[in-house]
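Student: What follows is my_file22.cif, made up of mmCIF, C-alpha atoms and all ligand atoms:
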data_work
loop_
_atom_site.group_PDB
_atom_site.id
_atom_site.type_symbol
_atom_site.label_atom_id
_atom_site.label_comp_id
_atom_site.auth_asym_id
_atom_site.auth_seq_id
_atom_site.Cartn_x
_atom_site.Cartn_y
_atom_site.Cartn_z
ATOM 1 C CA MET A 139 -17.024 24.244 -28.045
ATOM 2 C CA ASP A 140 -19.428 24.895 -25.134
ATOM 3 C CA LYS A 141 -18.249 27.041 -22.229
ATOM 4 C CA GLU A 142 -17.807 24.190 -19.730
ATOM 5 C CA HIS A 143 -15.780 22.128 -22.191
ATOM 6 C CA ALA A 144 -13.604 25.134 -23.002
ATOM 7 C CA CYS A 145 -12.890 25.678 -19.267
ATOM 8 C CA ASP A 146 -11.891 22.010 -18.851
ATOM 9 C CA THR A 147 -9.544 22.274 -21.816
ATOM 10 C CA VAL A 148 -7.921 25.432 -20.466
ATOM 11 C CA GLU A 149 -7.510 23.840 -17.036
ATOM 12 C CA LYS A 150 -5.922 20.756 -18.587
ATOM 13 C CA ILE A 151 -3.456 22.898 -20.535
ATOM 14 C CA GLU A 152 -2.692 24.967 -17.433
ATOM 15 C CA ILE A 153 -1.957 21.830 -15.400
ATOM 16 C CA GLN A 154 0.366 20.478 -18.093
ATOM 17 C CA LEU A 155 2.241 23.779 -18.299
ATOM 18 C CA PHE A 156 2.388 24.014 -14.524
ATOM 19 C CA LEU A 157 3.883 20.519 -14.125
ATOM 20 C CA GLU A 158 6.342 21.208 -16.945
ATOM 21 C CA GLY A 159 7.456 24.417 -15.195
ATOM 22 C CA VAL A 160 7.841 22.640 -11.838
ATOM 23 C CA PHE A 161 9.951 19.956 -13.495
ATOM 24 C CA ARG A 162 12.181 22.444 -15.307
ATOM 25 C CA LEU A 163 12.733 24.671 -12.311
ATOM 26 C CA TYR A 164 12.824 22.255 -9.379
ATOM 27 C CA GLY A 165 13.463 18.861 -11.026
ATOM 28 C CA TYR A 166 10.357 17.279 -9.453
ATOM 29 C CA ASP A 167 8.673 15.353 -12.255
ATOM 30 C CA PHE A 168 4.941 14.895 -11.713
ATOM 31 C CA ARG A 169 4.100 14.924 -15.431
ATOM 32 C CA ASP A 170 3.318 11.200 -15.507
ATOM 33 C CA TYR A 171 1.392 10.982 -12.265
ATOM 34 C CA ALA A 172 -2.208 9.796 -12.770
ATOM 35 C CA SER A 173 -3.956 12.865 -14.130
ATOM 36 C CA ALA A 174 -7.304 12.654 -12.284
ATOM 37 C CA SER A 175 -5.680 12.346 -8.871
ATOM 38 C CA MET A 176 -3.085 15.027 -9.696
ATOM 39 C CA ARG A 177 -5.859 17.406 -10.792
ATOM 40 C CA ARG A 178 -7.800 16.732 -7.578
ATOM 41 C CA ARG A 179 -4.768 17.510 -5.439
ATOM 42 C CA ILE A 180 -3.937 20.696 -7.302
ATOM 43 C CA LEU A 181 -7.528 21.909 -6.990
ATOM 44 C CA GLN A 182 -7.538 21.054 -3.277
ATOM 45 C CA LEU A 183 -4.367 23.079 -2.776
ATOM 46 C CA MET A 184 -5.877 25.992 -4.705
ATOM 47 C CA GLU A 185 -8.919 25.911 -2.458
ATOM 48 C CA ILE A 186 -6.850 25.817 0.747
ATOM 49 C CA GLU A 187 -4.579 28.607 -0.448
ATOM 50 C CA LYS A 188 -7.489 30.621 -1.915
ATOM 51 C CA VAL A 189 -5.986 30.712 -5.380
ATOM 52 C CA SER A 190 -8.506 30.818 -8.225
ATOM 53 C CA THR A 191 -6.629 29.504 -11.266
ATOM 54 C CA VAL A 192 -3.880 26.969 -11.912
ATOM 55 C CA SER A 193 -1.871 29.700 -13.648
ATOM 56 C CA GLU A 194 -1.994 31.777 -10.469
ATOM 57 C CA LEU A 195 -0.776 28.808 -8.456
ATOM 58 C CA GLN A 196 1.957 28.239 -11.040
ATOM 59 C CA SER A 197 3.177 31.788 -10.616
ATOM 60 C CA MET A 198 3.341 31.389 -6.812
ATOM 61 C CA VAL A 199 5.180 28.071 -6.999
ATOM 62 C CA LEU A 200 7.676 29.156 -9.647
ATOM 63 C CA HIS A 201 8.506 32.430 -7.923
ATOM 64 C CA HIS A 202 8.618 31.240 -4.304
ATOM 65 C CA GLU A 203 10.408 28.084 -3.212
ATOM 66 C CA LYS A 204 8.259 27.905 -0.062
ATOM 67 C CA TRP A 205 5.256 27.213 -2.322
ATOM 68 C CA MET A 206 7.085 24.290 -3.905
ATOM 69 C CA GLU A 207 7.181 22.682 -0.449
ATOM 70 C CA ARG A 208 3.414 23.198 -0.141
ATOM 71 C CA LEU A 209 2.868 21.657 -3.553
ATOM 72 C CA LEU A 210 5.034 18.677 -2.642
ATOM 73 C CA MET A 211 3.039 18.097 0.548
ATOM 74 C CA ALA A 212 -0.206 18.369 -1.421
ATOM 75 C CA VAL A 213 0.681 15.977 -4.227
ATOM 76 C CA SER A 214 2.644 13.334 -2.324
ATOM 77 C CA VAL A 215 -0.063 11.407 -0.526
ATOM 78 C CA ASN A 216 1.511 10.341 2.750
ATOM 79 C CA VAL A 217 -1.207 8.154 4.250
ATOM 80 C CA THR A 218 0.333 5.154 6.000
ATOM 81 C CA ALA A 219 0.056 3.013 9.135
ATOM 82 C CA MET A 220 1.981 0.446 11.144
ATOM 83 C CA PHE A 221 1.203 -3.067 9.942
ATOM 84 C CA ARG A 222 -1.063 -1.567 7.277
ATOM 85 C CA ASP A 223 -3.035 -4.440 5.705
ATOM 86 C CA PRO A 224 -2.094 -6.859 8.521
ATOM 87 C CA PRO A 225 -2.436 -10.035 6.362
ATOM 88 C CA PHE A 226 0.401 -8.691 4.198
ATOM 89 C CA TYR A 227 2.738 -8.987 7.186
ATOM 90 C CA THR A 228 1.418 -12.434 8.117
ATOM 91 C CA SER A 229 2.088 -13.583 4.583
ATOM 92 C CA PHE A 230 5.507 -11.919 4.536
ATOM 93 C CA ARG A 231 6.434 -13.746 7.743
ATOM 94 C CA GLU A 232 5.194 -17.103 6.467
ATOM 95 C CA LYS A 233 6.282 -16.967 2.821
ATOM 96 C CA VAL A 234 9.238 -14.592 2.641
ATOM 97 C CA LEU A 235 11.146 -14.761 5.928
ATOM 98 C CA PRO A 236 12.032 -18.467 5.458
ATOM 99 C CA LEU A 237 13.616 -17.524 2.106
ATOM 100 C CA LEU A 238 15.699 -14.825 3.784
ATOM 101 C CA ALA A 239 16.771 -16.807 6.836
ATOM 102 C CA SER A 240 19.819 -18.417 5.223
ATOM 103 C CA LEU A 241 21.231 -15.200 3.724
ATOM 104 C CA PRO A 242 24.338 -13.776 5.430
ATOM 105 C CA LEU A 243 23.043 -10.210 4.969
ATOM 106 C CA ILE A 244 19.499 -9.122 4.145
ATOM 107 C CA ARG A 245 19.152 -5.883 2.184
ATOM 108 C CA ILE A 246 15.693 -4.349 2.139
ATOM 109 C CA TRP A 247 14.521 -1.204 0.327
ATOM 110 C CA HIS A 248 11.319 0.578 1.332
ATOM 111 C CA VAL A 249 10.428 2.818 -1.608
ATOM 112 C CA GLY A 250 8.050 5.665 -0.744
ATOM 113 C CA CYS A 251 8.313 5.027 2.996
ATOM 114 C CA SER A 252 6.369 8.160 4.009
ATOM 115 C CA THR A 253 6.560 8.757 7.787
ATOM 116 C CA GLY A 254 8.220 5.400 8.406
ATOM 117 C CA GLU A 255 5.493 3.216 9.885
ATOM 118 C CA GLU A 256 5.972 0.513 7.227
ATOM 119 C CA VAL A 257 9.707 0.478 7.927
ATOM 120 C CA TYR A 258 9.346 0.066 11.707
ATOM 121 C CA SER A 259 6.773 -2.667 11.090
ATOM 122 C CA MET A 260 9.344 -4.543 9.013
ATOM 123 C CA ALA A 261 12.021 -3.991 11.671
ATOM 124 C CA ILE A 262 9.683 -5.532 14.267
ATOM 125 C CA LEU A 263 8.882 -8.490 12.005
ATOM 126 C CA LEU A 264 12.596 -9.163 11.450
ATOM 127 C CA LYS A 265 13.382 -8.742 15.140
ATOM 128 C CA GLU A 266 10.745 -11.266 16.147
ATOM 129 C CA ALA A 267 12.124 -13.739 13.581
ATOM 130 C CA GLY A 268 15.691 -13.272 14.876
ATOM 131 C CA LEU A 269 16.786 -11.753 11.537
ATOM 132 C CA TYR A 270 17.061 -8.096 12.462
ATOM 133 C CA ASP A 271 20.765 -8.145 13.308
ATOM 134 C CA LYS A 272 21.761 -9.243 9.831
ATOM 135 C CA ALA A 273 19.420 -6.828 8.058
ATOM 136 C CA LYS A 274 20.212 -3.510 6.445
ATOM 137 C CA ILE A 275 17.088 -1.477 5.757
ATOM 138 C CA TYR A 276 17.085 1.418 3.293
ATOM 139 C CA ALA A 277 14.047 3.684 3.433
ATOM 140 C CA THR A 278 13.503 6.423 0.872
ATOM 141 C CA ASP A 279 10.898 8.972 -0.088
ATOM 142 C CA ILE A 280 10.651 11.979 -2.376
ATOM 143 C CA ASN A 281 9.456 14.156 0.496
ATOM 144 C CA GLU A 282 12.001 15.311 3.092
ATOM 145 C CA VAL A 283 9.374 16.520 5.543
ATOM 146 C CA VAL A 284 7.930 13.024 5.992
ATOM 147 C CA LEU A 285 11.416 11.492 5.997
ATOM 148 C CA ASN A 286 12.404 13.655 8.961
ATOM 149 C CA LYS A 287 9.354 12.443 10.871
ATOM 150 C CA ALA A 288 10.264 8.876 9.958
ATOM 151 C CA LYS A 289 13.835 9.319 11.208
ATOM 152 C CA ASN A 290 12.616 10.607 14.559
ATOM 153 C CA GLY A 291 10.338 7.600 15.039
ATOM 154 C CA ILE A 292 7.926 9.656 17.151
ATOM 155 C CA TYR A 293 4.199 9.096 16.633
ATOM 156 C CA PRO A 294 1.104 10.430 18.424
ATOM 157 C CA LEU A 295 0.092 8.122 21.251
ATOM 158 C CA SER A 296 -3.475 8.312 19.954
ATOM 159 C CA LEU A 297 -2.444 6.131 16.962
ATOM 160 C CA MET A 298 -1.036 3.320 19.088
ATOM 161 C CA LYS A 299 -4.422 1.657 19.656
ATOM 162 C CA GLU A 300 -4.944 1.201 15.908
ATOM 163 C CA TYR A 301 -1.318 0.127 15.420
ATOM 164 C CA THR A 302 -1.536 -2.378 18.280
ATOM 165 C CA ASP A 303 -4.697 -3.848 16.738
ATOM 166 C CA ASN A 304 -2.907 -4.158 13.376
ATOM 167 C CA TYR A 305 0.086 -5.791 15.075
ATOM 168 C CA ILE A 306 -2.190 -8.369 16.682
ATOM 169 C CA MET A 307 -4.093 -8.952 13.410
ATOM 170 C CA ALA A 308 -0.756 -9.520 11.665
ATOM 171 C CA LYS A 309 -0.322 -12.396 14.171
ATOM 172 C CA CYS A 310 2.903 -11.050 15.599
ATOM 173 C CA GLY A 311 4.201 -12.852 18.629
ATOM 174 C CA GLY A 312 5.233 -10.205 21.140
ATOM 175 C CA VAL A 313 3.804 -7.175 22.880
ATOM 176 C CA PHE A 314 3.674 -4.130 20.626
ATOM 177 C CA SER A 315 4.336 -1.628 23.411
ATOM 178 C CA GLN A 316 7.760 -3.194 24.079
ATOM 179 C CA TYR A 317 9.063 -1.406 20.985
ATOM 180 C CA TYR A 318 8.442 2.153 22.161
ATOM 181 C CA THR A 319 8.412 4.326 25.220
ATOM 182 C CA ALA A 320 5.428 6.566 25.764
ATOM 183 C CA ASP A 321 5.025 9.971 27.350
ATOM 184 C CA ASP A 322 1.670 11.692 27.752
ATOM 185 C CA LYS A 323 1.489 12.637 24.044
ATOM 186 C CA ASN A 324 3.817 10.473 21.983
ATOM 187 C CA ALA A 325 5.261 7.053 21.418
ATOM 188 C CA VAL A 326 8.996 7.093 20.699
ATOM 189 C CA PHE A 327 10.371 4.028 18.956
ATOM 190 C CA ASN A 328 13.364 2.476 20.712
ATOM 191 C CA GLU A 329 16.827 3.315 19.462
ATOM 192 C CA GLY A 330 17.430 -0.410 18.953
ATOM 193 C CA MET A 331 14.639 -0.478 16.350
ATOM 194 C CA ARG A 332 16.202 2.382 14.423
ATOM 195 C CA LYS A 333 19.865 1.435 14.280
ATOM 196 C CA LYS A 334 19.650 -0.658 11.097
ATOM 197 C CA ILE A 335 17.676 1.857 9.073
ATOM 198 C CA ILE A 336 19.245 4.260 6.577
ATOM 199 C CA TRP A 337 16.878 7.076 5.568
ATOM 200 C CA ALA A 338 17.437 9.041 2.365
ATOM 201 C CA GLN A 339 15.629 11.243 -0.085
ATOM 202 C CA HIS A 340 15.196 9.443 -3.399
ATOM 203 C CA ASN A 341 12.912 10.284 -6.286
ATOM 204 C CA LEU A 342 11.648 7.175 -7.981
ATOM 205 C CA VAL A 343 10.941 9.050 -11.190
ATOM 206 C CA THR A 344 14.252 10.798 -11.731
ATOM 207 C CA ASP A 345 16.873 8.991 -9.602
ATOM 208 C CA SER A 346 18.519 5.692 -10.423
ATOM 209 C CA SER A 347 19.075 2.617 -8.293
ATOM 210 C CA PHE A 348 21.741 2.723 -5.601
ATOM 211 C CA ASN A 349 22.192 -0.919 -4.601
ATOM 212 C CA GLU A 350 20.963 -4.485 -5.074
ATOM 213 C CA PHE A 351 18.313 -5.739 -2.701
ATOM 214 C CA ASP A 352 16.862 -9.007 -1.472
ATOM 215 C CA VAL A 353 13.511 -7.350 -0.810
ATOM 216 C CA ILE A 354 11.859 -4.227 -2.196
ATOM 217 C CA LEU A 355 8.586 -2.945 -0.806
ATOM 218 C CA CYS A 356 6.959 -0.306 -2.980
ATOM 219 C CA ARG A 357 3.476 -0.234 -1.549
ATOM 220 C CA ASN A 358 0.785 2.302 -2.361
ATOM 221 C CA VAL A 359 3.128 4.488 -4.378
ATOM 222 C CA MET A 360 2.531 3.482 -7.996
ATOM 223 C CA ILE A 361 -1.251 3.815 -7.737
ATOM 224 C CA TYR A 362 -0.606 7.532 -8.160
ATOM 225 C CA PHE A 363 1.341 7.024 -11.421
ATOM 226 C CA ASN A 364 0.076 6.543 -14.991
ATOM 227 C CA LYS A 365 0.776 3.305 -16.887
ATOM 228 C CA SER A 366 3.904 4.494 -18.633
ATOM 229 C CA LEU A 367 5.481 5.722 -15.393
ATOM 230 C CA GLN A 368 4.492 2.482 -13.643
ATOM 231 C CA ASN A 369 6.403 0.558 -16.333
ATOM 232 C CA LYS A 370 9.431 2.808 -15.923
ATOM 233 C CA VAL A 371 9.414 2.331 -12.149
ATOM 234 C CA HIS A 372 9.010 -1.442 -12.520
ATOM 235 C CA GLU A 373 12.133 -1.424 -14.653
ATOM 236 C CA LEU A 374 14.041 0.340 -11.883
ATOM 237 C CA LEU A 375 12.733 -2.036 -9.206
ATOM 238 C CA TYR A 376 13.378 -5.145 -11.289
ATOM 239 C CA GLY A 377 16.940 -3.988 -11.990
ATOM 240 C CA SER A 378 17.481 -3.295 -8.283
ATOM 241 C CA LEU A 379 16.427 -6.758 -7.125
ATOM 242 C CA LYS A 380 18.887 -9.626 -6.791
ATOM 243 C CA ALA A 381 18.094 -12.945 -8.485
ATOM 244 C CA ASN A 382 15.167 -14.521 -6.562
ATOM 245 C CA GLY A 383 14.564 -11.194 -4.809
ATOM 246 C CA ILE A 384 11.152 -10.319 -3.412
ATOM 247 C CA LEU A 385 8.869 -7.481 -4.512
ATOM 248 C CA GLY A 386 5.923 -6.356 -2.367
ATOM 249 C CA LEU A 387 3.262 -4.043 -3.789
ATOM 250 C CA GLY A 388 0.173 -2.444 -2.259
ATOM 251 C CA THR A 389 -3.045 -4.457 -2.271
ATOM 252 C CA ALA A 390 -4.584 -2.211 -4.965
ATOM 253 C CA GLU A 391 -1.503 -2.470 -7.176
ATOM 254 C CA THR A 392 -0.623 -5.043 -9.795
ATOM 255 C CA LEU A 393 2.125 -6.402 -11.999
ATOM 256 C CA ARG A 394 -0.459 -7.428 -14.579
ATOM 257 C CA PHE A 395 -0.217 -5.722 -17.946
ATOM 258 C CA THR A 396 3.273 -4.459 -17.145
ATOM 259 C CA VAL A 397 6.330 -5.537 -19.113
ATOM 260 C CA PHE A 398 7.499 -7.423 -16.010
ATOM 261 C CA GLU A 399 4.425 -9.577 -15.476
ATOM 262 C CA ASN A 400 6.263 -12.758 -16.540
ATOM 263 C CA ARG A 401 9.530 -12.033 -14.818
ATOM 264 C CA TYR A 402 8.175 -12.743 -11.342
ATOM 265 C CA LYS A 403 6.341 -15.650 -9.807
ATOM 266 C CA GLU A 404 3.507 -15.012 -7.406
ATOM 267 C CA LEU A 405 4.241 -15.889 -3.788
ATOM 268 C CA ASP A 406 0.918 -14.492 -2.637
ATOM 269 C CA ARG A 407 -1.469 -13.186 -5.286
ATOM 270 C CA LYS A 408 -3.764 -11.397 -2.859
ATOM 271 C CA MET A 409 -1.048 -9.839 -0.724
ATOM 272 C CA LYS A 410 0.938 -8.847 -3.822
ATOM 273 C CA LEU A 411 4.161 -10.636 -2.955
ATOM 274 C CA PHE A 412 6.284 -11.635 -5.939
ATOM 275 C CA GLN A 413 9.635 -13.339 -6.482
ATOM 276 C CA LYS A 414 11.953 -12.400 -9.330
ATOM 277 C CA VAL A 415 12.491 -15.471 -11.489
ATOM 278 C CA MET A 416 14.607 -14.307 -14.430
HETATM 279 C C1 LIG A 501 0.638 6.519 0.351
HETATM 280 S S1 LIG A 501 2.318 6.683 0.819
HETATM 281 C C2 LIG A 501 2.776 4.982 1.030
HETATM 282 C C3 LIG A 501 3.523 4.756 2.302
HETATM 283 C C4 LIG A 501 3.823 3.289 2.602
HETATM 284 N N1 LIG A 501 4.600 2.680 1.549
HETATM 285 C C5 LIG A 501 2.544 2.522 2.818
HETATM 286 O O1 LIG A 501 2.131 1.729 1.977
HETATM 287 O O2 LIG A 501 1.914 2.736 3.866
HETATM 288 C C6 LIG A 501 3.090 7.109 -0.742
HETATM 289 C C7 LIG A 501 4.486 7.697 -0.564
HETATM 290 O O3 LIG A 501 5.130 7.725 -1.834
HETATM 291 C C8 LIG A 501 5.921 8.888 -1.876
HETATM 292 N N2 LIG A 501 6.214 9.227 -3.269
HETATM 293 C C9 LIG A 501 5.393 9.789 -4.196
HETATM 294 N N3 LIG A 501 6.054 10.004 -5.342
HETATM 295 C C10 LIG A 501 7.313 9.544 -5.137
HETATM 296 C C11 LIG A 501 8.475 9.509 -5.955
HETATM 297 N N4 LIG A 501 8.464 9.972 -7.188
HETATM 298 N N5 LIG A 501 9.609 8.986 -5.424
HETATM 299 C C12 LIG A 501 9.638 8.511 -4.149
HETATM 300 N N6 LIG A 501 8.571 8.541 -3.322
HETATM 301 C C13 LIG A 501 7.425 9.047 -3.817
HETATM 302 C C14 LIG A 501 5.076 9.938 -1.178
HETATM 303 O O4 LIG A 501 5.850 11.033 -0.724
HETATM 304 C C15 LIG A 501 4.449 9.126 -0.062
HETATM 305 O O5 LIG A 501 5.176 9.253 1.129
#
Turn this file's structure into structure tokens for me.
Ligand SMILES: C[S@@+](CC[C@H](N)C(=O)[O-])C[C@H]1O[C@@H](n2cnc3c(N)ncnc32)[C@H](O)[C@@H]1O

Tutor:
Amino acid sequence: MDKEHACDTVEKIEIQLFLEGVFRLYGYDFRDYASASMRRRILQLMEIEKVSTVSELQSMVLHHEKWMERLLMAVSVNVTAMFRDPPFYTSFREKVLPLLASLPLIRIWHVGCSTGEEVYSMAILLKEAGLYDKAKIYATDINEVVLNKAKNGIYPLSLMKEYTDNYIMAKCGGVFSQYYTADDKNAVFNEGMRKKIIWAQHNLVTDSSFNEFDVILCRNVMIYFNKSLQNKVHELLYGSLKANGILGLGTAETLRFTVFENRYKELDRKMKLFQKVM
């Protein structure tokens, strides 16, 4: 074996042992996350923390809980935005809201909600359709740091230009700024927009379902998982949806080649909106 190949093999073994140790000690199971992206994130963390081998990082994380928090921040990619992929929200309004309108109570689960922007976007969509008062929105994430930000509903004012543009592109009908109050640094989302949202830590890999939902959005979460974990998560989501319930995935995600491909009908192929059919 040449030297470079040997190094790659050692690094691969170290990463496997590291993830096994993290799972056994802390219960966070990253063993079936997509390996290339997991490796990239571990190496990035090593560079930031000036640690030269995975084994050294492992020792820090296993011996100091504070390092587990750093690892969690590094491996859970928290990128998000209000009305991210605006046509998704247009399609949701046109194709899904009419299906929800006649329900006495609408239960929605945002899986992997990050800092909450997706959840507030949904709250706004429901409000503008007159459905917000009969909605109950559950928003969960593995990462408590981002969940706390989500709960507060406070975002840098500098992001509001992009979010307003997305809101307009999603063809919403109101004025985006009516949903928050601004000071010189931040935008604080109105209490009224938060009252229907229940935030909770939930790990998609190790925790089970906790309710039945009319809608589940799990967008841009499973792209970080390998095929076998994606199938496992689809099983959880499928089992958590009511008959005729709606599943929304991220635009780069798919139901194709999963065990559940034939158990949904496509409501919007491009925007990844599906309806459970059996
Ligand atoms: C890229 S963000 C997606 C945020 C939002 N859904 C969106 O599309 O804008 C992915 C989120 O999934 C969360 N996540 C990763 N692994 C998870 C797991 N096992 N259980 C629950 N959430 C997880 C991360 O913490 C992160 O906040």

Student: On this structure, the PyMOL selection byres (((chain A and resi 380) around 7) and not hetatm) would catch which residues? List them as JSON, numbers by chain, sorted by chain and number.

Tutor: {"A": [350, 351, 352, 378, 379, 381, 382, 383]}

Student: Show me which residues line ligand LIG 501 (chain A), defined as having an atom within 8 Å of a ligand atom where all atoms listed in the file count, and present them as a ChimeraX atom specification.

Tutor: /A:166-168,210-211,213-220,222,248-256,278-281,284,339-344,355-360,362,388

Student: Evaluate the PyMOL selection byres (((chain A and resi 389-396) around 10) and not hetatm) here and jot the selected residues down as a PDB file with C-alpha atoms, in the frame of the given file.

Tutor:
ATOM      1  CA  ASP A 223      -3.035  -4.440   5.705  1.00  0.00           C
ATOM      2  CA  PHE A 226       0.401  -8.691   4.198  1.00  0.00           C
ATOM      3  CA  CYS A 356       6.959  -0.306  -2.980  1.00  0.00           C
ATOM      4  CA  ARG A 357       3.476  -0.234  -1.549  1.00  0.00           C
ATOM      5  CA  ASN A 358       0.785   2.302  -2.361  1.00  0.00           C
ATOM      6  CA  VAL A 359       3.128   4.488  -4.378  1.00  0.00           C
ATOM      7  CA  MET A 360       2.531   3.482  -7.996  1.00  0.00           C
ATOM      8  CA  ILE A 361      -1.251   3.815  -7.737  1.00  0.00           C
ATOM      9  CA  LYS A 365       0.776   3.305 -16.887  1.00  0.00           C
ATOM     10  CA  SER A 366       3.904   4.494 -18.633  1.00  0.00           C
ATOM     11  CA  GLN A 368       4.492   2.482 -13.643  1.00  0.00           C
ATOM     12  CA  ASN A 369       6.403   0.558 -16.333  1.00  0.00           C
ATOM     13  CA  LYS A 370       9.431   2.808 -15.923  1.00  0.00           C
ATOM     14  CA  HIS A 372       9.010  -1.442 -12.520  1.00  0.00           C
ATOM     15  CA  GLU A 373      12.133  -1.424 -14.653  1.00  0.00           C
ATOM     16  CA  GLY A 386       5.923  -6.356  -2.367  1.00  0.00           C
ATOM     17  CA  LEU A 387       3.262  -4.043  -3.789  1.00  0.00           C
ATOM     18  CA  GLY A 388       0.173  -2.444  -2.259  1.00  0.00           C
ATOM     19  CA  VAL A 397       6.330  -5.537 -19.113  1.00  0.00           C
ATOM     20  CA  PHE A 398       7.499  -7.423 -16.010  1.00  0.00           C
ATOM     21  CA  GLU A 399       4.425  -9.577 -15.476  1.00  0.00           C
ATOM     22  CA  ASN A 400       6.263 -12.758 -16.540  1.00  0.00           C
ATOM     23  CA  ARG A 401       9.530 -12.033 -14.818  1.00  0.00           C
ATOM     24  CA  TYR A 402       8.175 -12.743 -11.342  1.00  0.00           C
ATOM     25  CA  GLU A 404       3.507 -15.012  -7.406  1.00  0.00           C
ATOM     26  CA  ARG A 407      -1.469 -13.186  -5.286  1.00  0.00           C
ATOM     27  CA  LYS A 408      -3.764 -11.397  -2.859  1.00  0.00           C
ATOM     28  CA  MET A 409      -1.048  -9.839  -0.724  1.00  0.00           C
ATOM     29  CA  LYS A 410       0.938  -8.847  -3.822  1.00  0.00           C
ATOM     30  CA  LEU A 411       4.161 -10.636  -2.955  1.00  0.00           C
ATOM     31  CA  PHE A 412       6.284 -11.635  -5.939  1.00  0.00           C
TER      32      PHE A 412
END

Student: Could you work out how far CA of Glu203 in chain A lies from CA of Arg162 in chain A, giving the answer in Å with one decimal?

Tutor: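 Separation of CA of Arg162 in chain A and CA of Glu203 in chain A: 13.5 Å.
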
Student: Give the answer as one residue: which of A:Leu269, A:Val148, A:Met198, A:Leu163 has the shortest atom-to-atom distance to Leu235 in chain A, using all atoms listed in the file?

Tutor: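 Counting all atoms listed in the file, the residue closest to Leu235 in chain A is A:Leu269.
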
Student: Report, in Å with one decimal, the straight-line distance from CA of Ala239 in chain A to CA of Ala273 in chain A.

Tutor: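 Interatomic distance, CA of Ala239 in chain A to CA of Ala273 in chain A: 10.4 Å.
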
Student: Let me make sure I understand: among A:Leu155, A:Ala212, A:Leu263, A:Ala172, which one has the smallest atom-to-atom distance to Ser197 in chain A if we use only C-alpha atoms?

Tutor: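 Smallest separation from Ser197 in chain A among the options: A:Leu155.
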
Student: Check the smallest atom-to-atom distance from each of A:Lys188, A:Lys299, A:Arg179, A:Lys233 to Leu209 in chain A using only C-alpha atoms, then report the winner.

Tutor: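 Ranking A:Lys188, A:Lys299, A:Arg179, A:Lys233 by distance to Leu209 in chain A, first place goes to A:Arg179.
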
Student: Would you compute the distance between CA of Tyr276 in chain A and CA of Trp205 in chain A? Give it in Å to one decimal.

Tutor: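 Spanning CA of Tyr276 in chain A to CA of Trp205 in chain A is a straight-line distance of 28.9 Å.
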
Student: A:Leu238, A:Leu264, A:Val415, A:Val192: which is nearest Ile151 in chain A, counting only C-alpha atoms?

Tutor: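 Smallest distance to Ile151 in chain A is found for A:Val192.
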